[in-house]
Each structure stands twice: as structure tokens, then as C-alpha cells.
$ cat upload28.cif   # mmCIF, C-alpha atoms and all ligand atoms
data_protein
loop_
_atom_site.label_atom_id
_atom_site.label_comp_id
_atom_site.auth_asym_id
_atom_site.auth_seq_id
_atom_site.Cartn_x
_atom_site.Cartn_y
_atom_site.Cartn_z
CA MET A 1 -135.40 -164.76 139.06
CA THR A 2 -132.62 -166.73 137.44
CA ARG A 3 -129.05 -165.74 138.04
CA LEU A 4 -128.67 -164.65 134.45
CA ALA A 5 -131.85 -162.59 134.38
CA PHE A 6 -130.68 -160.87 137.52
CA PHE A 7 -127.24 -160.25 136.06
CA VAL A 8 -128.74 -158.71 132.94
CA LEU A 9 -131.28 -156.65 134.82
CA ILE A 10 -128.60 -155.06 136.92
CA ALA A 11 -126.40 -154.52 133.94
CA ILE A 12 -129.16 -152.56 132.22
CA THR A 13 -129.88 -150.61 135.37
CA ALA A 14 -126.25 -149.76 135.80
CA SER A 15 -125.88 -148.53 132.27
CA ALA A 16 -128.97 -146.35 132.27
CA ALA A 17 -128.05 -145.00 135.68
CA ASP A 18 -124.53 -144.19 134.48
CA ILE A 19 -125.80 -141.83 131.86
CA THR A 20 -128.43 -139.96 133.84
CA THR A 21 -126.52 -139.78 137.11
CA ALA A 22 -123.36 -138.62 135.42
CA ARG A 23 -125.20 -135.77 133.74
CA ALA A 24 -127.19 -134.79 136.81
CA ALA A 25 -124.16 -134.83 139.08
CA ALA A 26 -121.82 -132.99 136.73
CA ALA A 27 -122.58 -129.56 138.18
CA VAL A 28 -122.05 -130.74 141.75
CA VAL A 29 -118.68 -132.24 140.95
CA ALA A 30 -117.51 -129.16 139.11
CA VAL A 31 -117.88 -127.32 142.43
CA ASN A 32 -116.45 -130.03 144.69
CA SER A 33 -113.57 -131.41 142.70
CA PRO A 34 -110.09 -130.06 143.29
CA LEU A 35 -109.35 -130.53 139.61
CA GLN A 36 -111.13 -127.65 137.92
CA ALA A 37 -109.73 -127.17 134.44
CA PRO A 38 -110.87 -130.33 132.61
CA LEU A 39 -114.34 -130.16 134.11
CA ALA A 40 -115.37 -127.12 132.13
CA PRO A 41 -117.24 -128.35 129.07
CA SER A 42 -114.51 -128.50 126.48
CA PRO A 43 -115.30 -128.08 122.81
CA SER A 44 -114.84 -131.47 121.21
CA ASP A 45 -111.77 -131.99 119.09
CA PRO A 46 -112.36 -131.34 115.39
CA PHE A 47 -113.30 -134.46 113.44
CA PRO A 48 -109.97 -135.52 111.91
CA LEU A 49 -109.32 -135.21 108.21
CA TRP A 50 -107.97 -138.78 107.89
CA LEU A 51 -111.25 -140.06 109.35
CA GLN A 52 -113.27 -137.88 106.98
CA GLU A 53 -111.41 -139.44 104.08
CA LEU A 54 -111.75 -142.97 105.45
CA THR A 55 -115.43 -142.81 106.39
CA GLY A 56 -117.00 -140.11 104.24
CA GLN A 57 -118.41 -138.66 107.50
CA THR A 58 -117.83 -135.13 108.77
CA ARG A 59 -118.64 -135.59 112.48
CA TRP A 60 -118.64 -138.20 115.22
CA PRO A 61 -121.76 -140.41 115.11
CA GLY A 62 -124.51 -140.63 117.72
CA GLU A 63 -125.47 -143.79 119.61
CA THR A 64 -125.76 -145.87 116.43
CA PRO A 65 -122.59 -145.50 114.37
CA PRO A 66 -122.62 -146.23 110.63
CA TYR A 67 -120.87 -149.35 109.33
CA ILE A 68 -117.83 -148.51 107.25
CA PRO A 69 -116.48 -151.46 105.19
CA MET A 70 -112.74 -152.02 105.68
CA PRO A 71 -110.35 -154.10 103.59
CA ASN A 72 -108.96 -155.96 106.64
CA ILE A 73 -112.39 -156.97 108.01
CA ASP A 74 -113.84 -159.97 106.15
CA LEU A 75 -117.40 -160.70 107.23
CA SER A 76 -117.58 -163.85 105.10
CA GLN A 77 -115.35 -165.49 107.74
CA VAL A 78 -117.88 -164.87 110.52
CA PRO A 79 -119.76 -168.02 111.64
CA ASN A 80 -123.42 -167.84 110.62
CA GLU A 81 -124.87 -170.59 112.83
CA ILE A 82 -124.92 -168.54 116.03
CA PRO A 83 -128.30 -166.78 116.38
CA ARG A 84 -128.68 -163.12 117.30
CA ARG A 85 -130.29 -162.71 120.70
CA ASP A 86 -131.72 -160.05 122.98
CA LEU A 87 -130.04 -158.97 126.17
CA GLY A 88 -130.30 -161.76 128.73
CA VAL A 89 -131.83 -164.27 126.33
CA CYS A 90 -129.77 -167.43 125.97
CA GLN A 91 -132.32 -169.58 124.16
CA GLY A 92 -130.72 -171.28 121.16
CA ILE A 93 -127.23 -170.51 122.43
CA GLU A 94 -125.17 -173.66 122.80
CA ARG A 95 -122.16 -174.20 124.99
CA SER A 96 -120.07 -174.59 121.84
CA HIS A 97 -120.83 -170.93 120.96
CA CYS A 98 -118.71 -169.98 123.99
CA SER A 99 -120.85 -167.25 125.48
CA PHE A 100 -119.39 -165.61 128.60
CA ASP A 101 -122.69 -164.05 129.66
CA CYS A 102 -124.73 -167.27 129.18
CA TYR A 103 -122.21 -169.92 130.28
CA ARG A 104 -119.18 -168.07 131.64
CA CYS A 105 -117.31 -169.58 128.70
CA VAL A 106 -113.86 -168.07 128.18
CA ALA A 107 -111.92 -168.70 124.94
CA VAL A 108 -108.20 -169.51 125.02
CA ASP A 109 -107.26 -165.99 123.94
CA ASP A 110 -109.67 -164.24 126.37
CA ILE A 111 -108.60 -162.75 129.70
CA SER A 112 -110.76 -163.15 132.79
CA THR A 113 -108.36 -162.97 135.71
CA CYS A 114 -104.98 -161.61 136.82
CA PRO A 115 -102.14 -162.99 138.94
CA THR A 116 -102.68 -160.19 141.49
CA LEU A 117 -106.04 -158.74 142.53
CA SER A 118 -106.48 -155.76 140.18
CA GLN A 119 -109.13 -153.16 139.40
CA THR A 120 -110.74 -152.37 136.06
CA PHE A 121 -113.12 -149.47 135.36
CA ASP A 122 -115.85 -149.55 132.69
CA ASP A 123 -118.09 -147.00 130.91
CA GLY A 124 -116.06 -143.76 131.10
CA PRO A 125 -114.60 -141.35 130.65
CA SER A 126 -117.13 -139.39 132.70
CA MET A 127 -117.14 -136.08 134.56
CA HIS A 128 -116.13 -138.11 137.63
CA THR A 129 -113.07 -139.72 136.09
CA PRO A 130 -110.76 -136.76 136.97
CA LYS A 131 -111.43 -137.28 140.68
CA LEU A 132 -110.35 -140.91 140.34
CA LEU A 133 -107.24 -139.84 138.42
CA MET A 134 -106.34 -137.43 141.22
CA GLU A 135 -106.50 -140.18 143.83
CA LEU A 136 -105.24 -143.32 142.12
CA GLU A 137 -101.68 -144.07 143.13
CA TYR A 138 -101.22 -147.07 140.88
CA LYS A 139 -101.85 -147.81 137.22
CA THR A 140 -105.19 -149.31 136.32
CA THR A 141 -107.26 -150.25 133.25
CA PHE A 142 -110.14 -148.22 131.82
CA PHE A 143 -112.58 -149.75 129.31
CA THR A 144 -113.92 -146.63 127.62
CA GLN A 145 -116.91 -145.98 125.40
CA GLY A 146 -115.93 -144.19 122.19
CA ILE A 147 -118.89 -141.84 122.45
CA ASN A 148 -117.55 -140.71 125.85
CA VAL A 149 -113.99 -140.43 124.55
CA VAL A 150 -115.11 -137.83 121.99
CA ARG A 151 -117.41 -136.21 124.57
CA TYR A 152 -114.53 -135.79 127.06
CA PRO A 153 -111.35 -135.82 124.96
CA ASP A 154 -109.32 -133.86 127.53
CA ILE A 155 -110.19 -136.31 130.31
CA PHE A 156 -109.27 -139.23 128.04
CA ARG A 157 -105.87 -137.65 127.34
CA GLN A 158 -105.38 -137.13 131.09
CA GLN A 159 -106.00 -140.83 131.67
CA HIS A 160 -103.41 -141.62 129.02
CA MET A 161 -100.85 -139.13 130.35
CA ALA A 162 -101.29 -140.53 133.86
CA GLY A 163 -100.03 -143.86 132.51
CA HIS A 164 -103.20 -145.92 132.76
CA LEU A 165 -104.09 -148.60 130.23
CA LEU A 166 -106.93 -147.55 127.95
CA ALA A 167 -109.10 -150.16 126.29
CA THR A 168 -112.41 -150.25 124.45
CA HIS A 169 -115.89 -150.92 125.80
CA THR A 170 -117.42 -150.38 122.31
CA TRP A 171 -118.71 -147.09 120.88
CA SER A 172 -121.95 -146.80 122.88
CA HIS A 173 -122.28 -149.76 125.25
CA ALA A 174 -123.99 -151.99 122.69
CA HIS A 175 -125.24 -155.50 123.45
CA LEU A 176 -123.12 -157.02 120.69
CA PRO A 177 -124.79 -160.48 120.36
CA GLY A 178 -128.02 -158.69 119.38
CA LEU A 179 -126.42 -156.81 116.50
CA SER A 180 -125.79 -157.67 112.86
CA ASN A 181 -122.18 -158.37 111.89
CA GLU A 182 -122.02 -154.94 110.27
CA ASP A 183 -123.26 -153.17 113.40
CA ILE A 184 -120.73 -155.06 115.55
CA VAL A 185 -118.00 -153.82 113.21
CA ALA A 186 -119.35 -150.28 113.54
CA GLN A 187 -119.33 -150.44 117.38
CA LEU A 188 -115.71 -151.57 117.36
CA GLN A 189 -114.27 -149.50 114.51
CA TRP A 190 -115.67 -146.18 115.77
CA SER A 191 -114.45 -146.84 119.33
CA ILE A 192 -110.96 -147.59 118.00
CA TRP A 193 -111.01 -144.48 115.80
CA ALA A 194 -112.12 -142.34 118.75
CA MET A 195 -109.18 -143.53 120.87
CA ASN A 196 -106.71 -143.16 118.00
CA ALA A 197 -107.96 -139.68 117.06
CA THR A 198 -107.93 -138.46 120.67
CA ALA A 199 -104.69 -139.88 122.05
CA GLY A 200 -102.97 -141.69 119.16
CA ILE A 201 -103.51 -145.13 120.67
CA VAL A 202 -104.97 -148.21 118.96
CA PRO A 203 -106.47 -150.42 121.67
CA LYS A 204 -105.55 -154.07 122.10
CA TYR A 205 -108.00 -154.95 124.88
CA PHE A 206 -111.78 -154.98 124.63
CA ARG A 207 -114.49 -155.62 127.20
CA PRO A 208 -117.89 -156.46 125.70
CA PRO A 209 -120.67 -154.59 127.53
CA TYR A 210 -122.60 -156.89 129.92
CA GLY A 211 -119.82 -159.44 129.26
CA ALA A 212 -122.04 -160.39 126.32
CA ILE A 213 -120.08 -162.32 123.74
CA ASP A 214 -120.09 -165.50 121.66
CA ASP A 215 -117.89 -166.86 118.90
CA ARG A 216 -119.65 -164.72 116.25
CA VAL A 217 -118.73 -161.54 118.13
CA ARG A 218 -115.23 -162.90 118.80
CA SER A 219 -114.61 -163.67 115.14
CA ILE A 220 -115.14 -159.96 114.43
CA SER A 221 -113.29 -158.55 117.45
CA ARG A 222 -110.30 -160.80 116.65
CA GLN A 223 -110.14 -159.38 113.13
CA PHE A 224 -109.68 -155.98 114.77
CA GLY A 225 -106.76 -157.43 116.74
CA LEU A 226 -108.72 -157.10 119.99
CA VAL A 227 -108.37 -159.41 123.01
CA ALA A 228 -111.62 -159.90 124.95
CA VAL A 229 -111.38 -159.18 128.68
CA PHE A 230 -113.90 -160.21 131.35
CA TRP A 231 -113.69 -160.33 135.16
CA ASP A 232 -113.87 -162.90 137.94
CA ARG A 233 -114.67 -160.50 140.80
CA ASP A 234 -117.74 -158.26 140.53
CA SER A 235 -117.82 -155.33 142.95
CA TYR A 236 -121.47 -154.54 142.09
CA ASP A 237 -120.36 -150.95 142.67
CA TRP A 238 -123.27 -149.62 140.54
CA ARG A 239 -125.53 -150.62 143.43
CA LEU A 240 -123.94 -147.82 145.42
CA ASN A 241 -125.83 -145.44 143.16
CA ASP A 242 -129.23 -146.24 144.67
CA ASP A 243 -127.79 -147.13 148.09
CA SER A 244 -128.67 -150.82 147.66
CA LYS A 245 -125.01 -151.47 148.50
CA LEU A 246 -122.73 -149.57 150.91
CA VAL A 247 -119.05 -148.77 150.47
CA GLU A 248 -118.47 -150.81 153.62
CA GLU A 249 -119.88 -153.85 151.80
CA VAL A 250 -117.65 -153.28 148.76
CA VAL A 251 -114.70 -153.03 151.14
CA LYS A 252 -115.78 -156.24 152.88
CA ASP A 253 -115.84 -158.09 149.55
CA ILE A 254 -112.31 -156.94 148.77
CA VAL A 255 -111.09 -158.14 152.15
CA SER A 256 -112.58 -161.61 151.61
CA TRP A 257 -111.28 -161.83 148.02
CA LYS A 258 -107.81 -161.01 149.28
CA GLN A 259 -108.13 -163.81 151.80
CA GLU A 260 -109.41 -166.29 149.23
CA SER A 261 -106.68 -165.87 146.65
CA GLN A 262 -103.86 -163.63 145.48
CA GLY A 263 -105.36 -162.89 142.11
CA GLY A 264 -108.44 -161.70 140.28
CA LEU A 265 -109.83 -159.03 137.99
CA ILE A 266 -112.36 -156.73 139.65
CA LEU A 267 -115.20 -155.09 137.70
CA GLU A 268 -115.82 -151.46 138.69
CA HIS A 269 -117.13 -148.29 137.00
CA ASP A 270 -115.83 -144.72 136.78
CA SER A 271 -119.23 -143.35 135.84
CA THR A 272 -120.62 -141.84 139.04
CA VAL A 273 -119.22 -140.06 142.07
CA LYS A 274 -120.22 -142.99 144.30
CA THR A 275 -118.51 -145.66 142.20
CA VAL A 276 -115.45 -143.43 141.85
CA ASN A 277 -115.25 -142.92 145.62
CA ALA A 278 -115.47 -146.68 146.12
CA GLY A 279 -112.77 -147.17 143.48
CA ILE A 280 -110.46 -144.89 145.45
CA ASN A 281 -111.00 -146.92 148.63
CA VAL A 282 -110.43 -150.19 146.79
CA SER A 283 -107.24 -148.85 145.22
CA ARG A 284 -105.85 -147.99 148.66
CA MET A 285 -106.76 -151.43 149.95
CA LEU A 286 -105.02 -153.21 147.09
CA GLY A 287 -101.86 -151.13 147.25
CA PRO A 288 -99.00 -151.30 144.78
CA SER A 289 -99.39 -154.96 143.81
CA GLN A 290 -102.20 -154.46 141.31
CA LEU A 291 -101.59 -154.63 137.57
CA THR A 292 -103.04 -153.35 134.34
CA VAL A 293 -104.65 -155.97 132.11
CA ALA A 294 -101.62 -155.86 129.79
CA GLU A 295 -99.33 -156.49 132.76
CA CYS A 296 -101.60 -159.34 133.94
CA ILE A 297 -100.58 -161.29 130.82
CA ASN A 298 -97.19 -159.62 130.41
CA SER A 299 -98.05 -158.33 126.95
CA ASN A 300 -98.07 -155.04 125.07
CA TRP A 301 -100.47 -152.25 125.97
CA TYR A 302 -101.62 -151.15 122.53
CA GLN A 303 -101.60 -152.44 118.97
CA ASN A 304 -99.48 -149.50 117.84
CA GLN A 305 -97.09 -149.20 120.80
C1 LIG B 401 -104.62 -143.80 113.53
O1 LIG B 401 -104.52 -142.43 113.19
C2 LIG B 401 -103.60 -142.14 112.14
C3 LIG B 401 -103.62 -140.65 111.93
O2 LIG B 401 -103.16 -140.01 113.08
C4 LIG B 401 -104.02 -142.87 110.88
O3 LIG B 401 -103.07 -142.63 109.87
C5 LIG B 401 -104.11 -144.36 111.16
O4 LIG B 401 -104.59 -145.02 110.02
C6 LIG B 401 -105.06 -144.59 112.31
N1 LIG B 401 -105.10 -146.03 112.64
C7 LIG B 401 -106.24 -146.62 113.03
C8 LIG B 401 -106.16 -148.09 113.28
O5 LIG B 401 -107.28 -146.03 113.18
C1 LIG B 402 -112.94 -144.93 152.33
O1 LIG B 402 -111.88 -144.01 152.32
C2 LIG B 402 -112.10 -142.87 153.14
C3 LIG B 402 -110.95 -141.91 152.92
O2 LIG B 402 -109.73 -142.56 153.19
C4 LIG B 402 -112.23 -143.30 154.59
O3 LIG B 402 -112.51 -142.18 155.40
C5 LIG B 402 -113.36 -144.28 154.70
O4 LIG B 402 -113.41 -144.79 156.00
C6 LIG B 402 -113.19 -145.43 153.73
N1 LIG B 402 -114.39 -146.23 153.77
C7 LIG B 402 -114.34 -147.52 154.01
C8 LIG B 402 -115.67 -148.19 154.07
O5 LIG B 402 -113.31 -148.13 154.15
#
$ encode --input "upload28.cif" --output "C-alpha cells"
Amino acid sequence: MTRLAFFVLIAITASAADITTARAAAAVVAVNSPLQAPLAPSPSDPFPLWLQELTGQTRWPGETPPYIPMPNIDLSQVPNEIPRRDLGVCQGIERSHCSFDCYRCVAVDDISTCPTLSQTFDDGPSMHTPKLLMELEYKTTFFTQGINVVRYPDIFRQQHMAGHLLATHTWSHAHLPGLSNEDIVAQLQWSIWAMNATAGIVPKYFRPPYGAIDDRVRSISRQFGLVAVFWDRDSYDWRLNDDSKLVEEVVKDIVSWKQESQGGLILEHDSTVKTVNAGINVSRMLGPSQLTVAECINSNWYQNQ
């Protein structure tokens, strides 16, 4: 199996596992977690009036959000020579298209590392995020899915109140290079609206699911004012979910990364109890030196703050 095929396979596995495991384990956590209040299923926030007027919709969308044309998003500027592709397929993709998932290509305005070794958490918020919030002593970065933000609005606001940096991981974990320009817009606009409606923040940082990006996707994400963020240290924490990796091994990786260099951006997930527990251990190992992605580049946290 090629390295890429393997990468993609695990990415799919992780994502599917996130959803089912999070749901299945929700009841267990509600009993075990010291933080009771936010774990009760909370009625979702009402769909805001300003969003009704802007979109003509009356409720949050499902997995496939509708494209809403916007005056500041000009799709005629999007390059049309880069082919759409399925997850893990790099045929027809040239180095000049600057794909991170195919060639580890990073554009000048992308972020893929940090001066100090720092954590990032993808896919939440989930029912397990509150446990992480209880234990984290230092600020970190969460790349959230819009569909989960509106599913767990109270948890999202807790993350914000705890002073963490919140960023977007699209609306529903879409493989963006496989989508039409319009559907890429929809994945980004609805995730931004979810964050704005729930906590009043307009994200500046964006992590494409599976790290899947090229210059067609970038030309749209840039129009939203988003900075693409990747990673240079993969914890493979999702392998904890089926016990194909042990916490001890995650810990061992951190130790060797610390020995290799001062810096780096670690990919983790706040989607299951096992990845959250590992995240707590890693946080203690890194101590107070770690930074949020905004601090990594000494820039602002949000587009509206
Ligand atoms: C954010 O929400 C406010 C309403 O609270 C709205 O007026 C504004 O247009 C929204 N901005 C974005 C980028 O969604
Ligand atoms: C993870 O943290 C827990 C609680 O501090 C500790 O008991 C455990 O030994 C740690 N695991 C590893 C592998 O470091």
C-alpha cells in the first residue's frame, strides 16, 4: 500500500469511527465525567434571524449544506484547470497545484508548524470535549465541524470561554478537492455561520479535512479570509480507538519529537474518550510552552476580533 493510500485509508477510518464511537460512548461519559451540566442533551440554539434573512433557510442543514451565493465570493476567480478528485486519488494532480495531501505542498500563506511543539484538536466539539476542557491547563486550538458546533452549542461556548482558539474544519468533514466550487463555498460558509451564531466569532484559521487541499480549494478559502493550517507531527491518536496504538506509544512519539526539535504542530482529535485521554497526557508533557495556532504566527485569533 502506498503511503498516500494508507494515509487516506486511516483518515476515513478515523472519521467514521469518530461519529459512531462518540455516539455510542456518550452515555458512558455522562456517568463518568465530573462535568455534568453540559453533557445533558441541550436543545440547539434557535436558528438566528439574520441567517434566515441571509440564506432563506429556517434551520441548520444536514451533512450536505446548500450553497448560498455571496457578494464577496467570486467563483469566476477560481482556477478551472485543477481537476476534481476522489479521496486519496492524486492522478492528474500536478505539483504546481500545490496539494498538501498529494505532495505535502504548503503555500506561502499556509501554516504547517509552530516555533514550540503545540497540540491541535480536530473534529469536535464532541461529548468528550468537556473532559478535555476540564484537564487542559494551557490554551490550545480546536478545528471544529460546523455541524457539531450546532449540535453541541454549549460545549462550543465553553471552549471559547476557556480561552482556546476556535477554527473551522468545514461544516461536515468534507473532502474538499472532490467538491464543486459551490459545494466548497457551502462547506466553508455554513461552518463560519455556525461559529458566528454560536459564539460571535468569525474564524481566521481553517484545517481542510484529511489535509486535502489544492490551489482551487485555496482560492475559495482565501476569499473567506481563511488561513489553511496543516501539521508536521501526526499523533495517529485515532488508532487508540481500536487499540492498534497505545497511549504509551503516543507518549513515546512526543518524547522523541521533543528531542528532535523545539517546534511542531501536532495533529490530535477531541472526538473519543481515548483520544481525549491521550490529549490530556500530551498536554501535561508539553507544559506551558505550547501555543495556539494564532500565537504560532503571532497574529490575530479571529477575523472579527
Ligand atoms: C455574524 O453575526 C452577526 C449577527 O450577530 C451578523 O450581523 C454578521 O453579518 C455575521 N458575520 C458573518 C461573517 O457571518
Ligand atoms: C497518562 O496520564 C495518567 C494520569 O496522569 C497517568 O496515570 C498515566 O501513566 C499516563 N500515561 C502515560 C502513558 O504516560
$ residues_around --input "upload28.cif" --residues "Glu295 in chain A" --least-positions-apart "4" --cutoff "10 Å" --atoms "all atoms listed in the file" --output "list in words"
Cys114, Pro115, Thr140, Leu165, Gln290, Leu291, Ser299, Asn300 and Trp301 of chain A
$ residues_near_ligand --input "upload28.cif" --ligand "ligand LIG 401 (chain B)" --cutoff "6 Å" --atoms "all atoms listed in the file" --output "list in words"
Trp193, Asn196, Ala197 and Val202 of chain A
$ residues_near_ligand --input "upload28.cif" --ligand "ligand LIG 402 (chain B)" --cutoff "9 Å" --atoms "only C-alpha atoms and all ligand atoms" --output "list in words"
Leu246, Val247, Glu248, Glu249, Val250, Val251, Lys252, Asn277, Ala278, Ile280, Asn281, Val282, Arg284 and Met285 of chain A
$ closest_residue --input "upload28.cif" --among "A:Asn148, A:Gln158, A:Gln119, A:Gln305" --to "Gly263 in chain A" --atoms "all atoms listed in the file"
A:Gln119
$ residues_around --input "upload28.cif" --residues "Thr120 in chain A" --least-positions-apart "2" --cutoff "6 Å" --atoms "only C-alpha atoms" --output "PDB file with C-alpha atoms, in the coordinates of the input"
ATOM      1  CA  THR A 141    -107.260-150.250 133.250  1.00  0.00           C
ATOM      2  CA  PHE A 142    -110.140-148.220 131.820  1.00  0.00           C
ATOM      3  CA  ILE A 266    -112.360-156.730 139.650  1.00  0.00           C
ATOM      4  CA  LEU A 267    -115.200-155.090 137.700  1.00  0.00           C
ATOM      5  CA  GLU A 268    -115.820-151.460 138.690  1.00  0.00           C
TER       6      GLU A 268
END
$ residues_around --input "upload28.cif" --residues "Trp60 in chain A" --least-positions-apart "5" --cutoff "10 Å" --atoms "only C-alpha atoms" --output "VMD selection string"
chain A and resid 44 46 to 48 51 to 52 65 146 to 147 150 to 151 190 193 to 194
$ closest_residue --input "upload28.cif" --among "A:Pro125, A:Pro288, A:Gly264, A:Pro177" --to "Asp86 in chain A" --atoms "all atoms listed in the file"
A:Pro177
$ closest_residue --input "upload28.cif" --among "A:Thr55, A:Gln159, A:Thr64, A:Thr168" --to "Val227 in chain A" --atoms "only C-alpha atoms"
A:Thr168
$ residues_near_point --input "upload28.cif" --point "(-118.1, -150.9, 107.3)" --cutoff "12 Å" --atoms "all atoms listed in the file" --output "PyMOL selection string"
chain A and resi 54-56+65-75+180-190+220
$ write_last_selection --input "upload28.cif" --atoms "C-alpha atoms" --output "JSON list (two decimals), keeping the file's coordinate frame"
[["chain", "number", "residue", "atom", "x", "y", "z"],
["A", 54, "LEU", "CA", -111.75, -142.97, 105.45],
["A", 55, "THR", "CA", -115.43, -142.81, 106.39],
["A", 56, "GLY", "CA", -117.00, -140.11, 104.24],
["A", 65, "PRO", "CA", -122.59, -145.50, 114.37],
["A", 66, "PRO", "CA", -122.62, -146.23, 110.63],
["A", 67, "TYR", "CA", -120.87, -149.35, 109.33],
["A", 68, "ILE", "CA", -117.83, -148.51, 107.25],
["A", 69, "PRO", "CA", -116.48, -151.46, 105.19],
["A", 70, "MET", "CA", -112.74, -152.02, 105.68],
["A", 71, "PRO", "CA", -110.35, -154.10, 103.59],
["A", 72, "ASN", "CA", -108.96, -155.96, 106.64],
["A", 73, "ILE", "CA", -112.39, -156.97, 108.01],
["A", 74, "ASP", "CA", -113.84, -159.97, 106.15],
["A", 75, "LEU", "CA", -117.40, -160.70, 107.23],
["A", 180, "SER", "CA", -125.79, -157.67, 112.86],
["A", 181, "ASN", "CA", -122.18, -158.37, 111.89],
["A", 182, "GLU", "CA", -122.02, -154.94, 110.27],
["A", 183, "ASP", "CA", -123.26, -153.17, 113.40],
["A", 184, "ILE", "CA", -120.73, -155.06, 115.55],
["A", 185, "VAL", "CA", -118.00, -153.82, 113.21],
["A", 186, "ALA", "CA", -119.35, -150.28, 113.54],
["A", 187, "GLN", "CA", -119.33, -150.44, 117.38],
["A", 188, "LEU", "CA", -115.71, -151.57, 117.36],
["A", 189, "GLN", "CA", -114.27, -149.50, 114.51],
["A", 190, "TRP", "CA", -115.67, -146.18, 115.77],
["A", 220, "ILE", "CA", -115.14, -159.96, 114.43]]
$ residues_around --input "upload28.cif" --residues "Val106 in chain A" --least-positions-apart "5" --cutoff "10 Å" --atoms "all atoms listed in the file" --output "compact mmCIF listing (two decimals) with C-alpha atoms, in the frame of the given file"
# COMPACT_ATOMS: atom_id res chain seq x y z
CA CYS A 98 -118.71 -169.98 123.99
CA SER A 99 -120.85 -167.25 125.48
CA PHE A 100 -119.39 -165.61 128.60
CA ASP A 101 -122.69 -164.05 129.66
CA ILE A 111 -108.60 -162.75 129.70
CA SER A 112 -110.76 -163.15 132.79
CA ILE A 213 -120.08 -162.32 123.74
CA ASP A 214 -120.09 -165.50 121.66
CA ALA A 228 -111.62 -159.90 124.95
CA VAL A 229 -111.38 -159.18 128.68
CA PHE A 230 -113.90 -160.21 131.35
$ closest_residue --input "upload28.cif" --among "A:Ser172, A:Thr198, A:Ser76, A:Ser235" --to "Val255 in chain A" --atoms "only C-alpha atoms"
A:Ser235
$ atom_distance --input "upload28.cif" --atom1 "CA of Val276 in chain A" --atom2 "CA of Asp237 in chain A"
9.0 Å
$ atom_distance --input "upload28.cif" --atom1 "CA of Asp215 in chain A" --atom2 "CA of His97 in chain A"
5.4 Å
$ closest_residue --input "upload28.cif" --among "A:Met161, A:Cys105, A:Trp171, A:Lys204" --to "Gln223 in chain A" --atoms "only C-alpha atoms"
A:Lys204
$ build_atoms --input "upload28.cif" --residues "range 136-142 of chain A" --atoms "all heavy atoms" --output "PDB file, in the coordinates of the input"
ATOM      1  N   LEU A 136    -105.852-142.015 142.372  1.00  0.00           N
ATOM      2  CA  LEU A 136    -105.240-143.320 142.120  1.00  0.00           C
ATOM      3  C   LEU A 136    -103.724-143.222 142.226  1.00  0.00           C
ATOM      4  O   LEU A 136    -103.110-142.376 141.579  1.00  0.00           O
ATOM      5  CB  LEU A 136    -105.598-143.839 140.722  1.00  0.00           C
ATOM      6  CG  LEU A 136    -107.007-144.380 140.479  1.00  0.00           C
ATOM      7  CD1 LEU A 136    -107.100-144.907 139.048  1.00  0.00           C
ATOM      8  CD2 LEU A 136    -107.368-145.467 141.475  1.00  0.00           C
ATOM      9  N   GLU A 137    -103.137-144.101 143.002  1.00  0.00           N
ATOM     10  CA  GLU A 137    -101.680-144.070 143.130  1.00  0.00           C
ATOM     11  C   GLU A 137    -101.015-145.079 142.222  1.00  0.00           C
ATOM     12  O   GLU A 137     -99.806-145.038 142.031  1.00  0.00           O
ATOM     13  CB  GLU A 137    -101.291-144.346 144.591  1.00  0.00           C
ATOM     14  CG  GLU A 137    -101.635-143.197 145.519  1.00  0.00           C
ATOM     15  CD  GLU A 137    -101.369-143.562 146.965  1.00  0.00           C
ATOM     16  OE1 GLU A 137    -100.210-143.923 147.267  1.00  0.00           O
ATOM     17  OE2 GLU A 137    -102.320-143.508 147.770  1.00  0.00           O
ATOM     18  N   TYR A 138    -101.809-145.999 141.685  1.00  0.00           N
ATOM     19  CA  TYR A 138    -101.220-147.070 140.880  1.00  0.00           C
ATOM     20  C   TYR A 138    -101.938-147.134 139.537  1.00  0.00           C
ATOM     21  O   TYR A 138    -103.072-146.694 139.410  1.00  0.00           O
ATOM     22  CB  TYR A 138    -101.307-148.397 141.625  1.00  0.00           C
ATOM     23  CG  TYR A 138    -100.866-148.250 143.059  1.00  0.00           C
ATOM     24  CD1 TYR A 138    -101.789-148.250 144.106  1.00  0.00           C
ATOM     25  CD2 TYR A 138     -99.515-148.006 143.350  1.00  0.00           C
ATOM     26  CE1 TYR A 138    -101.384-148.051 145.411  1.00  0.00           C
ATOM     27  CE2 TYR A 138     -99.112-147.810 144.649  1.00  0.00           C
ATOM     28  CZ  TYR A 138    -100.043-147.826 145.681  1.00  0.00           C
ATOM     29  OH  TYR A 138     -99.638-147.619 146.973  1.00  0.00           O
ATOM     30  N   LYS A 139    -101.280-147.719 138.567  1.00  0.00           N
ATOM     31  CA  LYS A 139    -101.850-147.810 137.220  1.00  0.00           C
ATOM     32  C   LYS A 139    -103.015-148.802 137.197  1.00  0.00           C
ATOM     33  O   LYS A 139    -102.972-149.850 137.831  1.00  0.00           O
ATOM     34  CB  LYS A 139    -100.792-148.286 136.228  1.00  0.00           C
ATOM     35  CG  LYS A 139     -99.502-147.480 136.258  1.00  0.00           C
ATOM     36  CD  LYS A 139     -99.689-146.060 135.737  1.00  0.00           C
ATOM     37  CE  LYS A 139     -98.391-145.270 135.821  1.00  0.00           C
ATOM     38  NZ  LYS A 139     -98.458-144.277 136.926  1.00  0.00           N
ATOM     39  N   THR A 140    -104.037-148.433 136.435  1.00  0.00           N
ATOM     40  CA  THR A 140    -105.190-149.310 136.320  1.00  0.00           C
ATOM     41  C   THR A 140    -105.650-149.352 134.866  1.00  0.00           C
ATOM     42  O   THR A 140    -105.014-148.761 133.987  1.00  0.00           O
ATOM     43  CB  THR A 140    -106.322-148.866 137.273  1.00  0.00           C
ATOM     44  OG1 THR A 140    -107.315-149.891 137.319  1.00  0.00           O
ATOM     45  CG2 THR A 140    -106.963-147.573 136.825  1.00  0.00           C
ATOM     46  N   THR A 141    -106.752-150.078 134.611  1.00  0.00           N
ATOM     47  CA  THR A 141    -107.260-150.250 133.250  1.00  0.00           C
ATOM     48  C   THR A 141    -108.645-149.636 133.132  1.00  0.00           C
ATOM     49  O   THR A 141    -109.512-149.884 133.982  1.00  0.00           O
ATOM     50  CB  THR A 141    -107.342-151.749 132.901  1.00  0.00           C
ATOM     51  OG1 THR A 141    -106.075-152.351 133.130  1.00  0.00           O
ATOM     52  CG2 THR A 141    -107.738-151.942 131.437  1.00  0.00           C
ATOM     53  N   PHE A 142    -108.842-148.831 132.088  1.00  0.00           N
ATOM     54  CA  PHE A 142    -110.140-148.220 131.820  1.00  0.00           C
ATOM     55  C   PHE A 142    -110.692-148.745 130.501  1.00  0.00           C
ATOM     56  O   PHE A 142    -110.046-148.609 129.461  1.00  0.00           O
ATOM     57  CB  PHE A 142    -110.000-146.701 131.704  1.00  0.00           C
ATOM     58  CG  PHE A 142    -109.693-145.997 132.998  1.00  0.00           C
ATOM     59  CD1 PHE A 142    -108.381-145.683 133.336  1.00  0.00           C
ATOM     60  CD2 PHE A 142    -110.709-145.637 133.871  1.00  0.00           C
ATOM     61  CE1 PHE A 142    -108.088-145.017 134.527  1.00  0.00           C
ATOM     62  CE2 PHE A 142    -110.431-144.975 135.066  1.00  0.00           C
ATOM     63  CZ  PHE A 142    -109.122-144.665 135.394  1.00  0.00           C
TER      64      PHE A 142
END
